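For reference, structure-v6.cif (mmCIF, C-alpha atoms):
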```
data_my_file
#
loop_
_atom_site.label_atom_id
_atom_site.label_comp_id
_atom_site.auth_asym_id
_atom_site.auth_seq_id
_atom_site.Cartn_x
_atom_site.Cartn_y
_atom_site.Cartn_z
CA MET A 1 94.48 106.95 98.73
CA MET A 2 93.17 107.27 102.27
CA GLU A 3 89.76 108.91 102.04
CA SER A 4 89.10 111.90 104.29
CA TYR A 5 86.58 109.97 106.39
CA ASP A 6 89.23 107.30 107.10
CA ILE A 7 91.99 109.63 108.30
CA LEU A 8 92.83 110.02 111.99
CA ALA A 9 94.48 113.29 112.99
CA LYS A 10 96.51 111.19 115.43
CA PRO A 11 96.36 107.69 116.92
CA TYR A 12 93.91 107.41 119.77
CA ASP A 13 93.51 105.30 122.90
CA ASP A 14 90.38 103.48 124.00
CA ASP A 15 89.39 100.64 126.33
CA PHE A 16 90.87 98.03 123.97
CA MET A 17 94.30 99.43 123.09
CA VAL A 18 96.63 102.37 123.48
CA TYR A 19 99.29 103.85 121.20
CA ASP A 20 103.02 103.87 121.97
CA TYR A 21 104.37 106.97 120.23
CA LYS A 22 108.01 106.06 120.81
CA GLU A 23 107.75 102.68 119.10
CA GLN A 24 104.89 103.77 116.82
CA ARG A 25 102.54 100.87 117.46
CA TYR A 26 99.30 100.06 119.21
CA ILE A 27 99.38 97.84 122.31
CA PRO A 28 96.28 95.93 123.43
CA LEU A 29 95.15 96.19 127.04
CA VAL A 30 94.47 93.30 129.38
CA ASP A 31 90.88 94.37 130.03
CA GLY A 32 90.32 94.95 126.33
CA ILE A 33 91.42 91.43 125.39
CA THR A 34 89.43 89.97 128.29
CA ASN A 35 86.24 91.71 127.20
CA ASP A 36 86.74 91.09 123.47
CA CYS A 37 88.06 87.53 123.51
CA TYR A 38 86.83 86.25 126.87
CA VAL A 39 90.42 85.33 127.72
CA ASN A 40 91.45 85.83 131.34
CA LEU A 41 95.07 86.80 130.85
CA THR A 42 95.52 87.89 134.47
CA ARG A 43 94.73 84.37 135.60
CA ASP A 44 96.99 82.89 132.91
CA TRP A 45 99.97 85.10 133.76
CA GLY A 46 99.53 85.45 137.52
CA THR A 47 99.30 89.25 137.64
CA LYS A 48 97.83 91.97 135.48
CA GLU A 49 101.29 93.49 135.10
CA ASN A 50 102.67 90.22 133.71
CA ALA A 51 99.70 89.92 131.36
CA GLN A 52 100.25 93.45 130.07
CA SER A 53 103.93 92.69 129.44
CA TYR A 54 102.84 89.68 127.39
CA LEU A 55 100.50 91.88 125.32
CA ASP A 56 103.33 94.33 124.71
CA LEU A 57 105.35 91.45 123.29
CA LEU A 58 102.36 90.25 121.28
CA SER A 59 102.03 93.71 119.74
CA ARG A 60 105.70 93.83 118.79
CA VAL A 61 105.50 90.39 117.15
CA ILE A 62 102.40 91.26 115.13
CA TYR A 63 103.92 94.50 113.83
CA GLU A 64 107.17 92.77 112.87
CA VAL A 65 105.34 89.97 111.08
CA ALA A 66 103.12 92.44 109.22
CA MET A 67 106.13 94.54 108.23
CA SER A 68 107.96 91.45 106.95
CA PHE A 69 105.63 91.30 103.94
CA LYS A 70 106.63 94.77 102.78
CA ASP A 71 109.73 95.97 100.95
CA GLN A 72 111.84 97.80 103.56
CA LYS A 73 111.58 101.15 101.78
CA TYR A 74 107.83 101.21 102.49
CA ARG A 75 108.14 100.63 106.24
CA LEU A 76 107.67 104.27 107.26
CA LYS A 77 104.66 104.69 104.99
CA GLU A 78 103.06 101.55 106.37
CA THR A 79 103.72 102.62 109.96
CA TYR A 80 102.09 105.97 109.25
CA TYR A 81 99.12 104.25 107.61
CA LEU A 82 98.66 101.93 110.59
CA SER A 83 98.54 104.89 112.94
CA HIS A 84 96.38 107.26 110.87
CA SER A 85 93.79 105.05 109.21
CA LYS A 86 90.56 104.10 110.99
CA GLU A 87 90.32 101.02 108.78
CA ALA A 88 93.87 99.98 109.65
CA ARG A 89 93.16 100.48 113.34
CA GLU A 90 90.28 98.00 113.15
CA LEU A 91 92.55 95.62 111.24
CA VAL A 92 95.18 95.79 114.00
CA LYS A 93 92.49 95.17 116.60
CA ARG A 94 91.37 91.99 114.80
CA LEU A 95 94.98 90.77 114.65
CA PHE A 96 95.46 91.39 118.37
CA SER A 97 92.28 89.51 119.28
CA ASP A 98 92.99 86.54 117.06
CA THR A 99 96.63 86.24 118.13
CA ALA A 100 95.83 86.51 121.83
CA TRP A 101 93.38 83.63 121.46
CA TYR A 102 95.69 81.60 119.20
CA ASN A 103 98.63 81.84 121.58
CA ARG A 104 96.47 80.68 124.44
CA ARG A 105 94.89 77.77 122.62
CA ASP A 106 97.24 76.57 119.89
CA GLY A 107 100.77 77.72 120.59
CA GLY A 108 101.98 80.51 118.36
CA PHE A 109 105.05 82.42 119.47
CA MET A 110 104.28 81.49 123.10
CA MET A 111 104.47 77.78 122.22
CA ALA A 112 107.22 77.18 124.77
CA TYR A 113 104.93 78.18 127.62
CA ASN A 114 101.89 76.33 126.36
CA SER A 115 103.78 73.12 125.59
CA GLY A 116 105.51 72.91 128.95
CA ALA A 117 108.97 73.02 127.38
CA ASN A 118 111.64 73.70 130.00
CA LEU A 119 113.76 76.43 128.47
CA ASN A 120 115.94 76.60 131.59
CA GLN A 121 117.22 73.14 130.71
CA GLY A 122 118.14 74.24 127.22
CA LYS A 123 115.22 72.63 125.44
CA LEU A 124 114.44 74.68 122.38
CA ILE A 125 111.38 74.54 120.18
CA GLU A 126 112.24 75.88 116.76
CA PHE A 127 109.54 77.32 114.55
CA GLY A 128 109.47 79.86 111.78
CA ILE A 129 107.63 83.12 111.37
CA ASP A 130 104.68 81.22 109.94
CA LYS A 131 103.95 79.95 113.48
CA ALA A 132 103.92 83.40 115.07
CA LEU A 133 100.35 84.11 114.03
CA SER A 134 97.37 81.90 113.37
CA PRO A 135 96.38 80.92 109.81
CA ILE A 136 93.40 83.25 110.21
CA ALA A 137 95.64 86.18 111.17
CA PHE A 138 97.90 85.51 108.19
CA GLN A 139 94.87 85.49 105.94
CA ILE A 140 93.68 88.79 107.43
CA ILE A 141 97.08 90.29 106.58
CA LYS A 142 97.20 88.82 103.07
CA ASN A 143 93.73 90.14 102.28
CA SER A 144 94.77 93.69 103.20
CA ILE A 145 97.37 96.24 102.11
CA LEU A 146 99.66 94.75 104.78
CA GLY A 147 100.10 91.58 102.76
CA THR A 148 101.53 93.21 99.63
CA ARG A 149 105.20 93.79 98.86
CA TYR A 150 104.51 97.31 97.63
CA PHE A 151 102.62 100.05 99.42
CA THR A 152 100.15 101.59 96.99
CA ILE A 153 97.98 103.75 99.26
CA ASP A 154 98.50 107.50 99.00
CA ILE A 155 98.98 108.64 102.59
CA ASN A 156 99.40 112.33 101.79
CA THR A 157 97.01 114.76 103.45
CA LYS A 158 94.45 116.09 100.96
CA ILE A 159 92.01 118.99 101.25
CA LYS A 160 89.32 120.03 98.77
CA TYR A 161 88.56 123.73 98.31
CA ALA A 162 85.39 125.06 96.73
CA ASP A 163 87.18 127.59 94.54
CA LEU A 164 90.54 129.21 93.83
CA ASP A 165 90.06 131.93 96.45
CA ALA A 166 89.48 129.31 99.14
CA LEU A 167 92.58 127.43 97.99
CA LEU A 168 94.69 130.57 98.19
CA VAL A 169 93.47 131.29 101.70
CA GLY A 170 94.43 127.73 102.68
CA LEU A 171 97.89 128.14 101.16
CA VAL A 172 98.49 131.39 103.00
CA VAL A 173 97.27 129.97 106.31
CA GLY A 174 99.48 126.92 105.76
CA LEU A 175 102.47 129.22 105.03
CA TYR A 176 102.89 127.87 101.51
CA LEU A 177 102.33 131.36 100.10
CA THR A 178 102.61 134.89 101.38
CA GLU A 179 99.60 137.18 101.06
CA GLU A 180 101.54 139.20 98.49
CA GLU A 181 102.17 136.11 96.37
CA ALA A 182 98.53 135.03 96.67
CA ASP A 183 97.34 138.43 95.41
CA LEU A 184 99.21 137.81 92.14
CA VAL A 185 97.50 134.46 91.44
CA GLU A 186 94.58 134.61 89.01
CA THR A 187 94.69 131.02 87.74
CA LEU A 188 96.21 127.77 88.97
CA ALA A 189 99.06 128.20 86.52
CA ASP A 190 100.12 131.37 88.37
CA LEU A 191 101.03 129.48 91.54
CA PRO A 192 104.77 129.62 92.27
CA TYR A 193 106.52 126.26 91.88
CA ASN A 194 106.69 124.47 95.20
CA GLU A 195 107.81 120.87 95.81
CA SER A 196 106.05 120.68 99.17
CA TYR A 197 102.51 120.60 97.79
CA ASP A 198 100.40 120.00 94.71
CA ALA A 199 97.13 121.63 93.64
CA VAL A 200 94.87 120.52 90.81
CA LEU A 201 91.48 121.57 89.43
CA LEU A 202 88.95 118.74 89.59
CA ASP A 203 86.16 118.08 87.09
CA SER A 204 83.72 119.15 89.82
CA GLY A 205 85.22 122.65 89.78
CA GLU A 206 86.79 122.14 93.20
CA TYR A 207 90.51 122.45 93.87
CA LEU A 208 92.38 119.54 95.45
CA PHE A 209 95.37 120.37 97.64
CA THR A 210 97.89 117.61 98.45
CA ASP A 211 100.56 118.00 101.11
CA LEU A 212 103.55 116.18 99.59
CA GLU A 213 105.49 116.44 102.85
CA THR A 214 102.94 114.61 104.99
CA LEU A 215 105.31 111.75 105.82
CA SER A 216 108.45 113.83 106.28
CA LYS A 217 106.58 116.14 108.68
CA ALA A 218 105.37 113.12 110.63
CA VAL A 219 108.91 111.76 110.85
CA LEU A 220 110.16 115.12 112.10
CA ASP A 221 107.37 115.19 114.64
CA THR A 222 108.47 111.76 115.84
CA LYS A 223 112.05 112.94 116.27
CA ASN A 224 110.75 115.87 118.30
CA TYR A 225 108.57 113.45 120.24
CA SER A 226 106.34 114.63 123.03
CA SER A 227 103.24 113.21 124.66
CA THR A 228 101.19 115.46 122.40
CA GLY A 229 102.82 114.28 119.20
CA THR A 230 100.69 113.18 116.28
CA TRP A 231 102.56 109.99 115.38
#
```
What does the file become when written as structure tokens?
Amino acid sequence: MMESYDILAKPYDDDFMVYDYKEQRYIPLVDGITNDCYVNLTRDWGTKENAQSYLDLLSRVIYEVAMSFKDQKYRLKETYYLSHSKEARELVKRLFSDTAWYNRRDGGFMMAYNSGANLNQGKLIEFGIDKALSPIAFQIIKNSILGTRYFTIDINTKIKYADLDALLVGLVVGLYLTEEEADLVETLADLPYNESYDAVLLDSGEYLFTDLETLSKAVLDTKNYSSTGTW
């Protein structure tokens, strides 16, 4: 599962990359790639605007390649993981840096530009998905959760409570229970059945709450997208 220290309340922007909430992916910035990889994309592409458009394409390619490893039914979970895990964010950053350098030096999905092929004359260079990223980038993916067919990380939000009273307060605040229902609970077994969450007593004596609707709430938030959305 994603440990509490690894969870991001929402994707965040910095000097290297920003998050596109509509397409649910990070996009590297020209200045970020320049500072991280020492690659002058503005010079390569003529203008900073052109360079940023290239990085938008680079982001889309990386996400599609990464998603191609996973069974389709895990796509939403993986997208959520990529946007809410600090570890995954650093992984995406490494893929952006490596691919930006690879496409400039060795071809990649921008091979047509780097090889001088004249696409206007109908000359087509055919290459498979294995050429979209560098061998290093593919290895980075294969060595992570991105490179598995199944998604095994528990992405559900989890909260530990010191005792039963603290758990009940959390359930009332979260609107899982009414105060009247909470007053009737003396042991964990007294909790009304609810498919939206799970609560267990740990060996430490603490109570672990798991929000079983973490993903569905995130999907709903995406459908009701706003600039202050969390996904």
**OP:** Return as a PyMOL selection string the set of residues that the PyMOL selection byres ((chain A and resi 187) around 12) yields on the displayed structure.
**Re:** chain A and resi 163-165+167-168+182-186+188-192+199-201+207
- Minimum-distance residue to Val92 (chain A), chosen among A:Tyr19, A:Phe69, A:Tyr161, A:Tyr54 (using only C-alpha atoms):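 Ranked by minimum distance to Val92 (chain A), first place goes to A:Tyr19.
Here the PyMOL selection byres ((chain A and resi 84) around 9) catches exactly these residues: Asp6, Ile7, Leu8, Ala9, Lys10, Pro11, Thr79, Tyr80, Tyr81, Leu82, Ser83, Ser85, Lys86, Glu87, Ala88, Arg89, Ile155 and Trp231 of chain A.
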Output C-alpha atoms of each residue in that selection to a file, as a tab-separated table (two decimals), keeping the file's coordinate frame.
```
chain	number	residue	atom	x	y	z
A	6	ASP	CA	89.23	107.30	107.10
A	7	ILE	CA	91.99	109.63	108.30
A	8	LEU	CA	92.83	110.02	111.99
A	9	ALA	CA	94.48	113.29	112.99
A	10	LYS	CA	96.51	111.19	115.43
A	11	PRO	CA	96.36	107.69	116.92
A	79	THR	CA	103.72	102.62	109.96
A	80	TYR	CA	102.09	105.97	109.25
A	81	TYR	CA	99.12	104.25	107.61
A	82	LEU	CA	98.66	101.93	110.59
A	83	SER	CA	98.54	104.89	112.94
A	85	SER	CA	93.79	105.05	109.21
A	86	LYS	CA	90.56	104.10	110.99
A	87	GLU	CA	90.32	101.02	108.78
A	88	ALA	CA	93.87	99.98	109.65
A	89	ARG	CA	93.16	100.48	113.34
A	155	ILE	CA	98.98	108.64	102.59
A	231	TRP	CA	102.56	109.99	115.38
```
| task | Mind giving me the straight-line distance from CA of Ile136 (chain A) to CA of Val65 (chain A) in Å, one decimal? | result |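 The value is 13.7 Å.
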Among A:Val18, A:Val30, A:Tyr193, A:Ile140, Trp45 (chain A) is approached most closely, using all atoms listed in the file, by A:Val30
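When CA of Asn103 (chain A) is paired with CA of Ser134 (chain A), their separation reads 8.3 Å.
CA of Ala51 (chain A) to CA of Arg25 (chain A) spans 17.9 Å [interatomic distance, one decimal].
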inquiry  = Using only C-alpha atoms, can you tell me which of A:Ala100, A:Ala137, A:Val61, A:Met67 comes closest to Tyr150 (chain A)?
reply    =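 Closest residue, counting only C-alpha atoms: A:Met67.
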Leu146 (chain A) proximity check over A:Leu220, A:Ile62, A:Ile27, A:Met17, using only C-alpha atoms: winner is A:Ile62
- Report as a list in words the residues that result from applying the PyMOL selection byres ((chain A and resi 198) around 7) to the structure here.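 This file gives the following for the PyMOL selection byres ((chain A and resi 198) around 7): Tyr197, Ala199, Val200, Phe209, Thr210, Asp211 and Leu212 of chain A.
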- Item | Given only C-alpha atoms as the counted atoms, nearest of A:Asp14, A:Asp20, A:Lys70, A:Leu76 to Ile145 (chain A) |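 Smallest separation from Ile145 (chain A) among the options: A:Lys70.
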Listed atoms of region 49-52 of chain A boxed axis-aligned with 5 Å per side, centre + edges as JSON:
```
{"center_x": 101.2, "center_y": 91.7, "center_z": 132.6, "size_x": 13.0, "size_y": 13.6, "size_z": 15.0}
```
Identify which of the residues A:Leu171, A:Leu208, A:Ala132, A:Ile141 lies closest to Lys158 (chain A), counting all atoms listed in the file when measuring atom-to-atom distances.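 Closest to Lys158 (chain A) of all the choices is A:Leu208.
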